[in-house]
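Enquirer: Just so it is clear, I am handing over start25.tsv, which has TSV, C-alpha atoms.
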chain	number	residue	atom	x	y	z
A	909	MET	CA	8.88	14.93	23.07
A	910	GLN	CA	5.30	15.25	21.91
A	911	THR	CA	4.63	13.59	18.57
A	912	VAL	CA	1.83	14.40	16.13
A	913	TYR	CA	1.02	11.21	14.32
A	914	ALA	CA	-1.61	9.34	12.34
A	915	GLN	CA	-2.24	5.62	12.26
A	916	MET	CA	-4.61	4.30	9.65
A	917	GLY	CA	-5.83	0.89	8.64
A	918	ILE	CA	-5.82	0.48	4.87
A	919	SER	CA	-6.63	-2.21	2.37
A	920	LEU	CA	-3.88	-3.42	0.06
A	921	ASP	CA	-5.49	-1.33	-2.69
A	922	GLY	CA	-5.22	1.77	-0.53
A	923	PHE	CA	-8.70	2.36	0.88
A	924	ILE	CA	-9.49	3.37	4.46
A	925	ALA	CA	-13.23	2.80	3.95
A	926	GLY	CA	-15.32	0.94	1.42
A	927	PRO	CA	-17.83	2.50	-0.98
A	928	GLY	CA	-20.89	4.30	0.36
A	929	ASP	CA	-19.70	5.56	3.72
A	930	GLY	CA	-21.97	8.00	5.50
A	931	PRO	CA	-23.58	8.87	8.84
A	932	GLY	CA	-23.92	5.69	10.90
A	933	ASN	CA	-21.80	3.76	8.38
A	934	PRO	CA	-18.29	5.19	8.80
A	935	LEU	CA	-16.50	2.20	7.23
A	936	GLY	CA	-18.59	1.88	4.05
A	937	THR	CA	-19.35	-1.42	2.36
A	938	GLY	CA	-16.76	-4.04	3.26
A	939	GLY	CA	-14.68	-1.53	5.20
A	940	GLU	CA	-14.83	-3.63	8.36
A	941	ARG	CA	-12.50	-6.09	6.57
A	942	ILE	CA	-9.71	-3.51	6.92
A	943	HIS	CA	-9.99	-3.64	10.69
A	944	GLU	CA	-10.65	-7.32	11.27
A	945	TRP	CA	-7.24	-7.71	12.88
A	946	VAL	CA	-8.33	-5.28	15.63
A	947	PHE	CA	-11.79	-6.45	16.62
A	948	ASP	CA	-10.72	-9.58	18.50
A	949	LEU	CA	-7.83	-8.00	20.37
A	950	ALA	CA	-8.11	-7.85	24.16
A	951	ALA	CA	-7.20	-4.14	24.27
A	952	TRP	CA	-9.88	-3.21	21.77
A	953	ARG	CA	-12.52	-5.38	23.43
A	954	ARG	CA	-11.71	-3.86	26.80
A	955	ARG	CA	-12.28	-0.39	25.37
A	956	GLN	CA	-15.73	-1.53	24.21
A	957	GLY	CA	-16.47	-2.81	27.71
A	958	LEU	CA	-15.96	-6.45	26.71
A	959	GLU	CA	-13.78	-9.09	28.36
A	960	GLY	CA	-11.39	-11.61	26.85
A	961	GLY	CA	-9.77	-11.36	23.44
A	962	ARG	CA	-6.42	-12.10	21.86
A	963	THR	CA	-3.12	-10.94	23.27
A	964	GLY	CA	0.28	-10.84	21.54
A	965	ALA	CA	2.22	-8.41	19.41
A	966	ASP	CA	-0.77	-6.84	17.61
A	967	ASN	CA	-2.50	-6.33	20.95
A	968	ASP	CA	0.63	-4.77	22.47
A	969	ARG	CA	0.73	-2.36	19.54
A	970	VAL	CA	-2.87	-1.29	20.04
A	971	VAL	CA	-2.25	-0.86	23.78
A	972	ARG	CA	0.65	1.48	22.99
A	973	ILE	CA	-1.50	3.51	20.56
A	974	LEU	CA	-4.33	3.85	23.06
A	975	GLU	CA	-1.93	4.86	25.83
A	976	ARG	CA	0.06	7.44	23.91
A	977	ASN	CA	-2.85	9.69	22.98
A	978	GLY	CA	-3.35	12.85	25.00
A	979	ALA	CA	-5.73	14.34	22.44
A	980	VAL	CA	-7.02	13.60	18.95
A	981	VAL	CA	-7.93	15.78	15.97
A	982	MET	CA	-10.50	14.74	13.40
A	983	GLY	CA	-12.37	16.10	10.41
A	984	ARG	CA	-16.03	17.03	10.52
A	985	ARG	CA	-17.08	14.24	8.18
A	986	MET	CA	-15.45	11.66	10.43
A	987	PHE	CA	-17.26	13.08	13.44
A	988	ASP	CA	-20.61	13.16	11.63
A	989	ASN	CA	-20.23	9.59	10.41
A	990	GLY	CA	-18.95	8.26	13.72
A	991	LYS	CA	-21.01	9.95	16.40
A	992	GLU	CA	-23.85	7.43	16.22
A	993	PRO	CA	-21.77	4.23	16.10
A	994	TRP	CA	-19.49	5.50	18.86
A	995	GLY	CA	-22.44	5.75	21.24
A	996	PRO	CA	-22.35	7.42	24.66
A	997	ASN	CA	-18.80	6.21	25.45
A	998	PRO	CA	-16.56	6.86	22.40
A	999	PRO	CA	-13.26	4.97	22.22
A	1000	TYR	CA	-11.04	8.08	22.39
A	1001	ARG	CA	-11.05	8.70	26.17
A	1002	CYS	CA	-9.35	12.07	25.73
A	1003	PRO	CA	-10.16	15.52	24.32
A	1004	ALA	CA	-11.11	15.33	20.63
A	1005	PHE	CA	-10.88	18.41	18.44
A	1006	VAL	CA	-13.19	18.45	15.41
A	1007	VAL	CA	-12.06	20.74	12.57
A	1008	THR	CA	-15.25	22.35	11.34
A	1009	HIS	CA	-16.73	25.51	9.91
A	1010	SER	CA	-19.74	25.54	12.24
A	1011	GLY	CA	-19.24	26.16	15.93
A	1012	HIS	CA	-20.94	24.20	18.71
A	1013	GLU	CA	-20.64	23.89	22.47
A	1014	PRO	CA	-18.31	21.08	23.59
A	1015	LEU	CA	-19.99	17.67	23.82
A	1016	VAL	CA	-18.99	15.86	26.99
A	1017	ARG	CA	-19.23	12.08	26.67
A	1018	GLU	CA	-18.60	9.25	29.10
A	1019	GLY	CA	-15.13	7.84	29.68
A	1020	GLY	CA	-13.11	11.01	29.20
A	1021	THR	CA	-13.98	11.94	25.61
A	1022	THR	CA	-15.06	15.54	25.08
A	1023	PHE	CA	-15.60	16.78	21.53
A	1024	HIS	CA	-14.46	20.35	20.96
A	1025	PHE	CA	-15.48	22.08	17.74
A	1026	ALA	CA	-12.57	24.09	16.39
A	1027	THR	CA	-13.58	26.70	13.86
A	1028	GLY	CA	-10.17	28.37	13.52
A	1029	GLY	CA	-8.79	25.94	10.96
A	1030	LEU	CA	-6.54	22.91	11.16
A	1031	GLN	CA	-3.51	24.60	12.64
A	1032	ASP	CA	-5.58	26.18	15.39
A	1033	ALA	CA	-7.24	22.85	16.20
A	1034	LEU	CA	-3.84	21.19	16.32
A	1035	GLU	CA	-2.44	23.83	18.66
A	1036	ARG	CA	-5.35	23.34	21.02
A	1037	ALA	CA	-4.89	19.57	20.89
A	1038	ARG	CA	-1.15	19.85	21.57
A	1039	SER	CA	-1.83	21.98	24.57
A	1040	ALA	CA	-4.56	19.64	25.87
A	1041	ALA	CA	-2.34	16.58	25.38
A	1042	GLY	CA	0.32	17.76	27.80
A	1043	ASN	CA	3.21	15.30	27.71
A	1044	LYS	CA	1.28	12.80	25.60
A	1045	ASP	CA	0.99	12.58	21.83
A	1046	VAL	CA	-1.63	13.96	19.45
A	1047	GLU	CA	-3.28	11.62	16.97
A	1048	ILE	CA	-4.66	12.93	13.71
A	1049	SER	CA	-7.51	10.49	13.78
A	1050	GLY	CA	-8.82	11.02	10.25
A	1051	GLY	CA	-10.30	11.03	7.78
A	1052	ALA	CA	-8.08	10.76	4.77
A	1053	ASP	CA	-8.59	14.41	3.81
A	1054	LEU	CA	-7.30	15.65	7.14
A	1055	VAL	CA	-4.31	13.28	7.19
A	1056	GLN	CA	-3.31	14.37	3.70
A	1057	GLN	CA	-3.73	18.02	4.63
A	1058	CYS	CA	-1.43	17.49	7.61
A	1059	LEU	CA	1.15	15.77	5.40
A	1060	LEU	CA	1.04	18.62	2.90
A	1061	GLU	CA	1.32	21.32	5.56
A	1062	GLY	CA	4.23	19.60	7.33
A	1063	LEU	CA	2.21	19.07	10.51
A	1064	LEU	CA	2.70	15.31	10.84
A	1065	ASP	CA	5.78	13.80	12.50
A	1066	GLU	CA	4.88	10.16	11.98
A	1067	LEU	CA	2.52	8.05	9.87
A	1068	GLU	CA	1.74	4.43	10.62
A	1069	ILE	CA	-0.29	2.29	8.26
A	1070	HIS	CA	-1.77	-1.08	9.05
A	1071	ILE	CA	-2.07	-2.93	5.75
A	1072	ALA	CA	-4.82	-5.53	5.77
A	1073	PRO	CA	-4.49	-8.38	3.26
A	1074	VAL	CA	-7.73	-7.44	1.53
A	1075	LEU	CA	-8.78	-5.71	-1.68
A	1076	LEU	CA	-11.89	-3.52	-1.45
A	1077	GLY	CA	-12.09	-2.34	-5.05
A	1078	GLY	CA	-13.42	1.10	-4.12
A	1079	GLY	CA	-14.12	3.57	-1.34
A	1080	ILE	CA	-12.07	6.34	0.24
A	1081	ARG	CA	-8.38	6.34	-0.61
A	1082	LEU	CA	-5.88	7.34	2.04
A	1083	PHE	CA	-3.71	8.97	-0.63
A	1084	ASP	CA	-5.30	10.68	-3.62
A	1085	ARG	CA	-3.66	14.09	-4.03
A	1086	PRO	CA	-1.10	15.02	-6.70
A	1087	GLU	CA	0.66	17.40	-4.28
A	1088	LEU	CA	1.73	14.44	-2.13
A	1089	ALA	CA	4.65	13.96	-4.54
A	1090	GLY	CA	6.38	16.70	-2.57
A	1091	VAL	CA	6.25	14.85	0.76
A	1092	ARG	CA	9.35	12.97	1.88
A	1093	LEU	CA	9.12	9.89	4.07
A	1094	GLU	CA	11.57	7.66	5.90
A	1095	ARG	CA	10.57	4.09	6.75
A	1096	THR	CA	11.34	3.61	10.44
A	1097	GLU	CA	9.64	0.36	11.47
A	1098	VAL	CA	7.97	-2.73	10.05
A	1099	ALA	CA	6.12	-5.35	12.06
A	1100	ALA	CA	3.74	-8.03	10.93
A	1101	SER	CA	1.43	-10.79	12.02
A	1102	ALA	CA	-0.54	-13.14	9.79
A	1103	ASP	CA	-3.42	-10.67	9.92
A	1104	VAL	CA	-1.80	-7.31	9.25
A	1105	THR	CA	1.41	-5.57	8.25
A	1106	HIS	CA	2.34	-2.44	10.20
A	1107	VAL	CA	4.64	0.06	8.50
A	1108	VAL	CA	5.78	3.24	10.23
A	1109	PHE	CA	7.18	6.29	8.46
A	1110	GLY	CA	8.83	9.41	9.74
A	1111	VAL	CA	7.73	12.46	7.79
A	1112	THR	CA	10.63	14.58	6.62
A	1113	ALA	CA	9.59	18.19	6.64
A	1114	GLY	CA	11.18	20.86	4.48
A	1115	ASP	CA	12.11	21.36	0.88
A	1116	PRO	CA	10.69	18.58	-1.30
A	1117	SER	CA	13.33	19.02	-4.00
B	83	MET	CA	5.78	-27.03	-8.38
B	84	GLN	CA	5.63	-24.28	-10.97
B	85	THR	CA	4.33	-20.98	-9.59
B	86	VAL	CA	2.73	-18.16	-11.57
B	87	TYR	CA	3.54	-14.97	-9.76
B	88	ALA	CA	3.89	-11.22	-10.07
B	89	GLN	CA	6.27	-8.94	-8.23
B	90	MET	CA	5.75	-5.23	-8.54
B	91	GLY	CA	7.39	-2.17	-7.09
B	92	ILE	CA	4.83	0.35	-5.89
B	93	SER	CA	4.83	3.72	-4.20
B	94	LEU	CA	3.15	4.05	-0.82
B	95	ASP	CA	0.24	5.71	-2.61
B	96	GLY	CA	-0.15	2.68	-4.87
B	97	PHE	CA	1.43	3.66	-8.18
B	98	ILE	CA	3.68	1.43	-10.30
B	99	ALA	CA	4.61	4.33	-12.61
B	100	GLY	CA	4.39	8.09	-12.38
B	101	PRO	CA	2.28	10.34	-14.60
B	102	GLY	CA	2.96	10.52	-18.33
B	103	ASP	CA	4.38	7.09	-19.06
B	104	GLY	CA	4.78	6.18	-22.72
B	105	PRO	CA	7.14	4.69	-25.29
B	106	GLY	CA	10.71	5.20	-24.10
B	107	ASN	CA	9.49	6.40	-20.70
B	108	PRO	CA	8.04	3.28	-19.08
B	109	LEU	CA	8.24	4.62	-15.50
B	110	GLY	CA	6.60	8.01	-16.06
B	111	THR	CA	7.56	11.15	-14.17
B	112	GLY	CA	9.20	10.30	-10.86
B	113	GLY	CA	8.57	6.59	-11.34
B	114	GLU	CA	12.25	5.77	-10.96
B	115	ARG	CA	11.84	6.65	-7.26
B	116	ILE	CA	9.81	3.45	-6.86
B	117	HIS	CA	12.77	1.36	-7.94
B	118	GLU	CA	15.63	3.22	-6.32
B	119	TRP	CA	16.20	0.32	-3.93
B	120	VAL	CA	17.04	-1.90	-6.94
B	121	PHE	CA	19.37	0.20	-9.05
B	122	ASP	CA	22.43	-0.07	-6.80
B	123	LEU	CA	22.11	-3.77	-6.10
B	124	ALA	CA	24.90	-6.02	-7.35
B	125	ALA	CA	22.50	-8.48	-8.99
B	126	TRP	CA	20.72	-5.76	-10.93
B	127	ARG	CA	23.95	-4.07	-11.99
B	128	ARG	CA	25.34	-7.40	-13.16
B	129	ARG	CA	22.28	-7.90	-15.36
B	130	GLN	CA	23.00	-4.49	-16.94
B	131	GLY	CA	26.59	-5.56	-17.58
B	132	LEU	CA	27.95	-3.47	-14.71
B	133	GLU	CA	30.25	-4.52	-11.90
B	134	GLY	CA	30.05	-3.81	-8.17
B	135	GLY	CA	26.96	-2.81	-6.25
B	136	ARG	CA	25.37	-3.53	-2.90
B	137	THR	CA	24.88	-7.00	-1.52
B	138	GLY	CA	22.69	-8.07	1.40
B	139	ALA	CA	19.09	-9.16	1.92
B	140	ASP	CA	17.56	-7.00	-0.84
B	141	ASN	CA	20.17	-8.23	-3.27
B	142	ASP	CA	19.54	-11.85	-2.30
B	143	ARG	CA	15.86	-11.32	-2.95
B	144	VAL	CA	16.48	-9.94	-6.44
B	145	VAL	CA	18.84	-12.83	-7.17
B	146	ARG	CA	16.08	-15.28	-6.25
B	147	ILE	CA	13.56	-13.46	-8.47
B	148	LEU	CA	15.94	-13.43	-11.43
B	149	GLU	CA	16.77	-17.11	-10.97
B	150	ARG	CA	13.25	-18.44	-10.57
B	151	ASN	CA	11.92	-17.17	-13.90
B	152	GLY	CA	11.61	-19.67	-16.73
B	153	ALA	CA	9.38	-17.37	-18.76
B	154	VAL	CA	7.56	-14.07	-18.39
B	155	VAL	CA	4.24	-12.75	-19.67
B	156	MET	CA	3.61	-9.06	-20.29
B	157	GLY	CA	1.02	-6.76	-21.77
B	158	ARG	CA	1.44	-5.02	-25.10
B	159	ARG	CA	1.68	-1.55	-23.58
B	160	MET	CA	4.53	-2.67	-21.33
B	161	PHE	CA	6.37	-4.11	-24.32
B	162	ASP	CA	5.83	-0.99	-26.42
B	163	ASN	CA	7.02	1.30	-23.63
B	164	GLY	CA	9.98	-0.86	-22.71
B	165	LYS	CA	11.45	-2.08	-25.94
B	166	GLU	CA	13.61	0.99	-26.48
B	167	PRO	CA	14.96	1.38	-22.92
B	168	TRP	CA	15.64	-2.35	-22.71
B	169	GLY	CA	18.01	-2.11	-25.67
B	170	PRO	CA	19.52	-5.11	-27.48
B	171	ASN	CA	19.95	-7.17	-24.28
B	172	PRO	CA	16.70	-6.99	-22.25
B	173	PRO	CA	16.88	-7.99	-18.58
B	174	TYR	CA	14.55	-10.99	-18.89
B	175	ARG	CA	16.99	-13.62	-20.21
B	176	CYS	CA	14.15	-16.05	-20.92
B	177	PRO	CA	11.18	-16.39	-23.29
B	178	ALA	CA	8.79	-13.43	-22.94
B	179	PHE	CA	5.20	-13.74	-24.12
B	180	VAL	CA	3.50	-10.48	-25.09
B	181	VAL	CA	-0.31	-10.56	-24.94
B	182	THR	CA	-1.42	-8.63	-28.01
B	183	HIS	CA	-4.06	-8.41	-30.69
B	184	SER	CA	-1.57	-8.01	-33.54
B	185	GLY	CA	0.68	-10.91	-34.47
B	186	HIS	CA	4.38	-10.59	-35.24
B	187	GLU	CA	7.29	-12.93	-35.77
B	188	PRO	CA	9.27	-13.66	-32.59
B	189	LEU	CA	11.98	-11.10	-31.81
B	190	VAL	CA	15.21	-12.77	-30.76
B	191	ARG	CA	17.35	-10.56	-28.52
B	192	GLU	CA	20.74	-11.06	-26.93
B	193	GLY	CA	21.16	-12.84	-23.61
B	194	GLY	CA	18.33	-15.35	-23.93
B	195	THR	CA	15.32	-13.07	-24.26
B	196	THR	CA	12.97	-13.85	-27.13
B	197	PHE	CA	9.69	-11.94	-27.41
B	198	HIS	CA	6.79	-14.06	-28.61
B	199	PHE	CA	3.58	-12.30	-29.62
B	200	ALA	CA	0.62	-14.25	-28.33
B	201	THR	CA	-2.66	-13.36	-30.06
B	202	GLY	CA	-4.79	-16.06	-28.47
B	203	GLY	CA	-5.55	-14.14	-25.29
B	204	LEU	CA	-4.10	-14.14	-21.79
B	205	GLN	CA	-4.80	-17.77	-20.94
B	206	ASP	CA	-3.20	-18.97	-24.16
B	207	ALA	CA	-0.13	-16.80	-23.56
B	208	LEU	CA	0.12	-18.15	-20.03
B	209	GLU	CA	-0.12	-21.75	-21.20
B	210	ARG	CA	2.70	-21.18	-23.68
B	211	ALA	CA	4.79	-19.51	-20.96
B	212	ARG	CA	4.18	-22.36	-18.51
B	213	SER	CA	5.29	-24.85	-21.09
B	214	ALA	CA	8.38	-22.83	-22.04
B	215	ALA	CA	9.34	-22.37	-18.36
B	216	GLY	CA	9.73	-26.09	-17.71
B	217	ASN	CA	10.46	-26.57	-14.01
B	218	LYS	CA	10.91	-22.87	-13.39
B	219	ASP	CA	8.31	-20.24	-12.51
B	220	VAL	CA	6.35	-17.86	-14.71
B	221	GLU	CA	6.35	-14.17	-13.88
B	222	ILE	CA	3.47	-11.95	-14.90
B	223	SER	CA	5.75	-9.05	-15.56
B	224	GLY	CA	3.12	-6.33	-15.96
B	225	GLY	CA	1.65	-3.89	-16.45
B	226	ALA	CA	-0.99	-3.27	-13.87
B	227	ASP	CA	-3.83	-4.16	-16.26
B	228	LEU	CA	-2.43	-7.63	-16.88
B	229	VAL	CA	-1.69	-8.32	-13.22
B	230	GLN	CA	-5.23	-7.31	-12.25
B	231	GLN	CA	-6.67	-9.43	-15.05
B	232	CYS	CA	-4.70	-12.43	-13.76
B	233	LEU	CA	-5.95	-11.80	-10.22
B	234	LEU	CA	-9.54	-11.60	-11.42
B	235	GLU	CA	-9.28	-14.75	-13.54
B	236	GLY	CA	-7.65	-16.78	-10.75
B	237	LEU	CA	-4.43	-17.24	-12.74
B	238	LEU	CA	-2.00	-15.89	-10.15
B	239	ASP	CA	-0.61	-18.05	-7.33
B	240	GLU	CA	1.47	-15.38	-5.63
B	241	LEU	CA	1.79	-11.60	-5.58
B	242	GLU	CA	4.78	-9.79	-4.12
B	243	ILE	CA	4.84	-6.03	-3.73
B	244	HIS	CA	7.89	-3.94	-2.95
B	245	ILE	CA	6.62	-0.81	-1.21
B	246	ALA	CA	8.94	2.15	-1.67
B	247	PRO	CA	8.74	4.90	0.98
B	248	VAL	CA	7.70	7.49	-1.59
B	249	LEU	CA	4.51	9.27	-2.63
B	250	LEU	CA	4.12	9.94	-6.35
B	251	GLY	CA	0.75	11.70	-6.32
B	252	GLY	CA	-0.32	10.25	-9.66
B	253	GLY	CA	0.40	7.76	-12.40
B	254	ILE	CA	-0.64	4.16	-12.99
B	255	ARG	CA	-2.21	2.41	-10.02
B	256	LEU	CA	-1.47	-1.26	-9.43
B	257	PHE	CA	-5.03	-1.76	-8.13
B	258	ASP	CA	-7.89	0.23	-9.63
B	259	ARG	CA	-10.72	-2.20	-10.38
B	260	PRO	CA	-13.94	-2.59	-8.37
B	261	GLU	CA	-14.05	-6.33	-9.15
B	262	LEU	CA	-10.90	-6.86	-7.06
B	263	ALA	CA	-13.14	-6.93	-3.97
B	264	GLY	CA	-13.80	-10.57	-4.88
B	265	VAL	CA	-10.12	-11.62	-4.68
B	266	ARG	CA	-8.95	-13.27	-1.47
B	267	LEU	CA	-5.34	-12.98	-0.30
B	268	GLU	CA	-3.23	-14.51	2.43
B	269	ARG	CA	-0.15	-12.67	3.67
B	270	THR	CA	2.70	-15.17	3.60
B	271	GLU	CA	5.91	-13.17	4.06
B	272	VAL	CA	7.18	-9.74	5.07
B	273	ALA	CA	10.76	-8.54	4.79
B	274	ALA	CA	12.17	-5.05	4.94
B	275	SER	CA	15.26	-2.96	4.64
B	276	ALA	CA	15.53	0.78	5.19
B	277	ASP	CA	14.85	1.27	1.47
B	278	VAL	CA	11.87	-0.97	0.79
B	279	THR	CA	9.24	-3.20	2.39
B	280	HIS	CA	8.54	-6.51	0.66
B	281	VAL	CA	5.14	-8.11	1.28
B	282	VAL	CA	4.18	-11.44	-0.28
B	283	PHE	CA	0.63	-12.72	-0.65
B	284	GLY	CA	-0.75	-16.06	-1.67
B	285	VAL	CA	-3.81	-15.68	-3.87
B	286	THR	CA	-6.73	-17.78	-2.69
B	287	ALA	CA	-8.77	-18.89	-5.65
B	288	GLY	CA	-12.42	-19.82	-5.47
B	289	ASP	CA	-15.64	-18.44	-4.12
B	290	PRO	CA	-15.20	-14.83	-2.99
B	291	SER	CA	-18.10	-14.98	-0.56
Kindly present the structure from the file in structure tokens form.
Expert:
Amino acid sequence: MQTVYAQMGISLDGFIAGPGDGPGNPLGTGGERIHEWVFDLAAWRRRQGLEGGRTGADNDRVVRILERNGAVVMGRRMFDNGKEPWGPNPPYRCPAFVVTHSGHEPLVREGGTTFHFATGGLQDALERARSAAGNKDVEISGGADLVQQCLLEGLLDELEIHIAPVLLGGGIRLFDRPELAGVRLERTEVAASADVTHVVFGVTAGDPS
Amino acid sequence: MQTVYAQMGISLDGFIAGPGDGPGNPLGTGGERIHEWVFDLAAWRRRQGLEGGRTGADNDRVVRILERNGAVVMGRRMFDNGKEPWGPNPPYRCPAFVVTHSGHEPLVREGGTTFHFATGGLQDALERARSAAGNKDVEISGGADLVQQCLLEGLLDELEIHIAPVLLGGGIRLFDRPELAGVRLERTEVAASADVTHVVFGVTAGDPS
């Protein structure tokens, strides 16, 4: 069954990016510390066109994430901040639907990533992504605003966070909306290495009473 | 060796209490959801004078926490909010040092808890607690302000968080200070049940470069 999920690296104090993120600097100041556990992994290096790297449980997890995606959905700010650093061969390798108010022709990149600009709202973008993904899953790639919106609208089946053992002190919080108190979660998996703690939640839709 | 540590229940969105905490309502609105994993445990019930309750890994963990404490240190706000709900027999069962600006004679309670009001600042309160604890450990009991102050001043050896699978949407954040970016942590333990995820960090003192 197709799953709509998000997986986000966060600092222990809850940030997905450090202060001062912007175009060309999607992680903000210090934000790369959240993702340090990823950079040396063989699967991640391979996707950047590099050889070597660490294998093991964290690597297996990243392999599974990369393989499960049939399409991704992202917010406009994430696209604007990322398009330069991603370069000509973005790491998605599948159709990517950007939720935006301003339309644009699809941008075909190397490696299988094509950015589609969906102006019909989140639910429309998600429907298009589900259809494009076929039997594979759809990742809500970010940013925090979009993930929270999906949680609040009952569109997310699963949320995985990768907690890095770092404190950033500021930046973009993954969770910062009062309405989130109505969302119900069920913890379904925990895994950890020395570098990161992975926690997976099922999102319980329905009446938040 | 004596360890100075903190162990705090937090929501997935980072709150240790819900909105509107105050005297007689130390957990704020919805804050009891953070601690639901504790209330039914045999060790916790026993400390409230109740029989029965769940045993197992979470219970063993709470037993170890309750047994390791030789003294606790807390902030004035935590004392003011808690003194009514704690009743005549507070759950500490050891000397408790309240960091405060206004002095007061010690308050002797049933069960081994005596509140001492330490007006010489955090470090002085901690020194008195370390001495009172003998061979046992000292818990920085809270609130969030005091725990963060201890992190920033290099006074904490260990920090354990119990992540509840709930979103509160607001309240008191455990981590909300920019200066925390200078604190270095090492993840030392992870344990989990369906109800809660325990993550333990060693605090690395020294140069935050």
Enquirer: Around (-21.0, 24.4, 16.5), as given in the file, which residues come within 12 Å? Count only C-alpha atoms and list them as a ChimeraX atom specification.
Expert: /A:984,1005-1015,1023-1028
Enquirer: For B:Thr270, which residue among B:Phe257, B:Glu240, B:Gly100, B:Met160 is the nearest when counting only C-alpha atoms?
Expert: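 Using only C-alpha atoms, the shortest distance to B:Thr270 belongs to B:Glu240.
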Enquirer: Between atom CA of B:Ala207 and atom CA of B:Arg175, what distance in Å does the model show, to one decimal?
Expert: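 Atom CA of B:Ala207 sits 17.7 Å away from atom CA of B:Arg175.
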Enquirer: Please return the centre and edge lengths, in Å to one decimal, of a box with edges along x, y and z that contains all listed atoms of stretch 188-192 of chain B, widened by 8 Å on every side, as lines of an AutoDock Vina configuration file.
Expert:
center_x = 15.0
center_y = -12.1
center_z = -29.8
size_x = 27.5
size_y = 19.1
size_z = 21.7
Enquirer: For chain A, report every residue with an atom at most 9 Å from chain B (counting all atoms listed in the file), formatted as a PDB file with C-alpha atoms, keeping the file's coordinate frame.
Expert:
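What ended up in part.pdb:
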ATOM      1  CA  LEU A 920      -3.880  -3.420   0.060  1.00  0.00           C
ATOM      2  CA  ASP A 921      -5.490  -1.330  -2.690  1.00  0.00           C
ATOM      3  CA  GLY A 922      -5.220   1.770  -0.530  1.00  0.00           C
ATOM      4  CA  GLY A 938     -16.760  -4.040   3.260  1.00  0.00           C
ATOM      5  CA  ALA A1072      -4.820  -5.530   5.770  1.00  0.00           C
ATOM      6  CA  PRO A1073      -4.490  -8.380   3.260  1.00  0.00           C
ATOM      7  CA  VAL A1074      -7.730  -7.440   1.530  1.00  0.00           C
ATOM      8  CA  LEU A1075      -8.780  -5.710  -1.680  1.00  0.00           C
ATOM      9  CA  LEU A1076     -11.890  -3.520  -1.450  1.00  0.00           C
ATOM     10  CA  GLY A1077     -12.090  -2.340  -5.050  1.00  0.00           C
ATOM     11  CA  GLY A1078     -13.420   1.100  -4.120  1.00  0.00           C
ATOM     12  CA  ARG A1081      -8.380   6.340  -0.610  1.00  0.00           C
ATOM     13  CA  LEU A1082      -5.880   7.340   2.040  1.00  0.00           C
ATOM     14  CA  PHE A1083      -3.710   8.970  -0.630  1.00  0.00           C
ATOM     15  CA  ASP A1084      -5.300  10.680  -3.620  1.00  0.00           C
ATOM     16  CA  ARG A1085      -3.660  14.090  -4.030  1.00  0.00           C
ATOM     17  CA  PRO A1086      -1.100  15.020  -6.700  1.00  0.00           C
ATOM     18  CA  GLU A1087       0.660  17.400  -4.280  1.00  0.00           C
ATOM     19  CA  LEU A1088       1.730  14.440  -2.130  1.00  0.00           C
ATOM     20  CA  ALA A1089       4.650  13.960  -4.540  1.00  0.00           C
ATOM     21  CA  GLY A1090       6.380  16.700  -2.570  1.00  0.00           C
ATOM     22  CA  VAL A1091       6.250  14.850   0.760  1.00  0.00           C
ATOM     23  CA  ARG A1092       9.350  12.970   1.880  1.00  0.00           C
ATOM     24  CA  LEU A1093       9.120   9.890   4.070  1.00  0.00           C
ATOM     25  CA  GLU A1094      11.570   7.660   5.900  1.00  0.00           C
ATOM     26  CA  ARG A1095      10.570   4.090   6.750  1.00  0.00           C
ATOM     27  CA  THR A1096      11.340   3.610  10.440  1.00  0.00           C
ATOM     28  CA  GLU A1097       9.640   0.360  11.470  1.00  0.00           C
ATOM     29  CA  VAL A1098       7.970  -2.730  10.050  1.00  0.00           C
ATOM     30  CA  ALA A1099       6.120  -5.350  12.060  1.00  0.00           C
ATOM     31  CA  ALA A1100       3.740  -8.030  10.930  1.00  0.00           C
ATOM     32  CA  SER A1101       1.430 -10.790  12.020  1.00  0.00           C
ATOM     33  CA  ALA A1102      -0.540 -13.140   9.790  1.00  0.00           C
ATOM     34  CA  ASP A1103      -3.420 -10.670   9.920  1.00  0.00           C
ATOM     35  CA  VAL A1104      -1.800  -7.310   9.250  1.00  0.00           C
ATOM     36  CA  THR A1105       1.410  -5.570   8.250  1.00  0.00           C
ATOM     37  CA  VAL A1107       4.640   0.060   8.500  1.00  0.00           C
ATOM     38  CA  PHE A1109       7.180   6.290   8.460  1.00  0.00           C
TER      39      PHE A1109
END
Enquirer: Do a neighbour search on stretch 137-146 of chain B at 10 Å with all atoms listed in the file, toss out local chain neighbours closer than 2 positions, and write the hits as a list in words.
Expert: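 The residues that qualify are Trp119, Val120, Asp122, Leu123, Ala124, Ala125, Trp126, Gly134, Gly135, Leu148, Glu149, Arg150, Asn151, Ala273, Ala274, Ser275, Asp277, Val278, Thr279 and His280 of chain B.
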Enquirer: Rank B:Arg136, B:Ala153, B:Asn107, B:Arg159 by their smallest atom-to-atom distance to B:Phe121, using only C-alpha atoms, and report the top residue only.
Expert: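 Closest residue, counting only C-alpha atoms: B:Arg136.
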Enquirer: Taking 6 positions as the minimum chain separation for residues in the same chain, which residues sit within 6 Å of stretch 1047-1055 of chain A when counting all atoms listed in the file? Answer as a PyMOL selection string.
Expert: chain A and resi 912-914+980-982+986+1082
Enquirer: Could you check how far atom CA of B:Gly131 sits from atom CA of B:Gln89, in Å to one decimal?
Expert: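 Atom CA of B:Gln89 lies at a distance of 22.6 Å from atom CA of B:Gly131.
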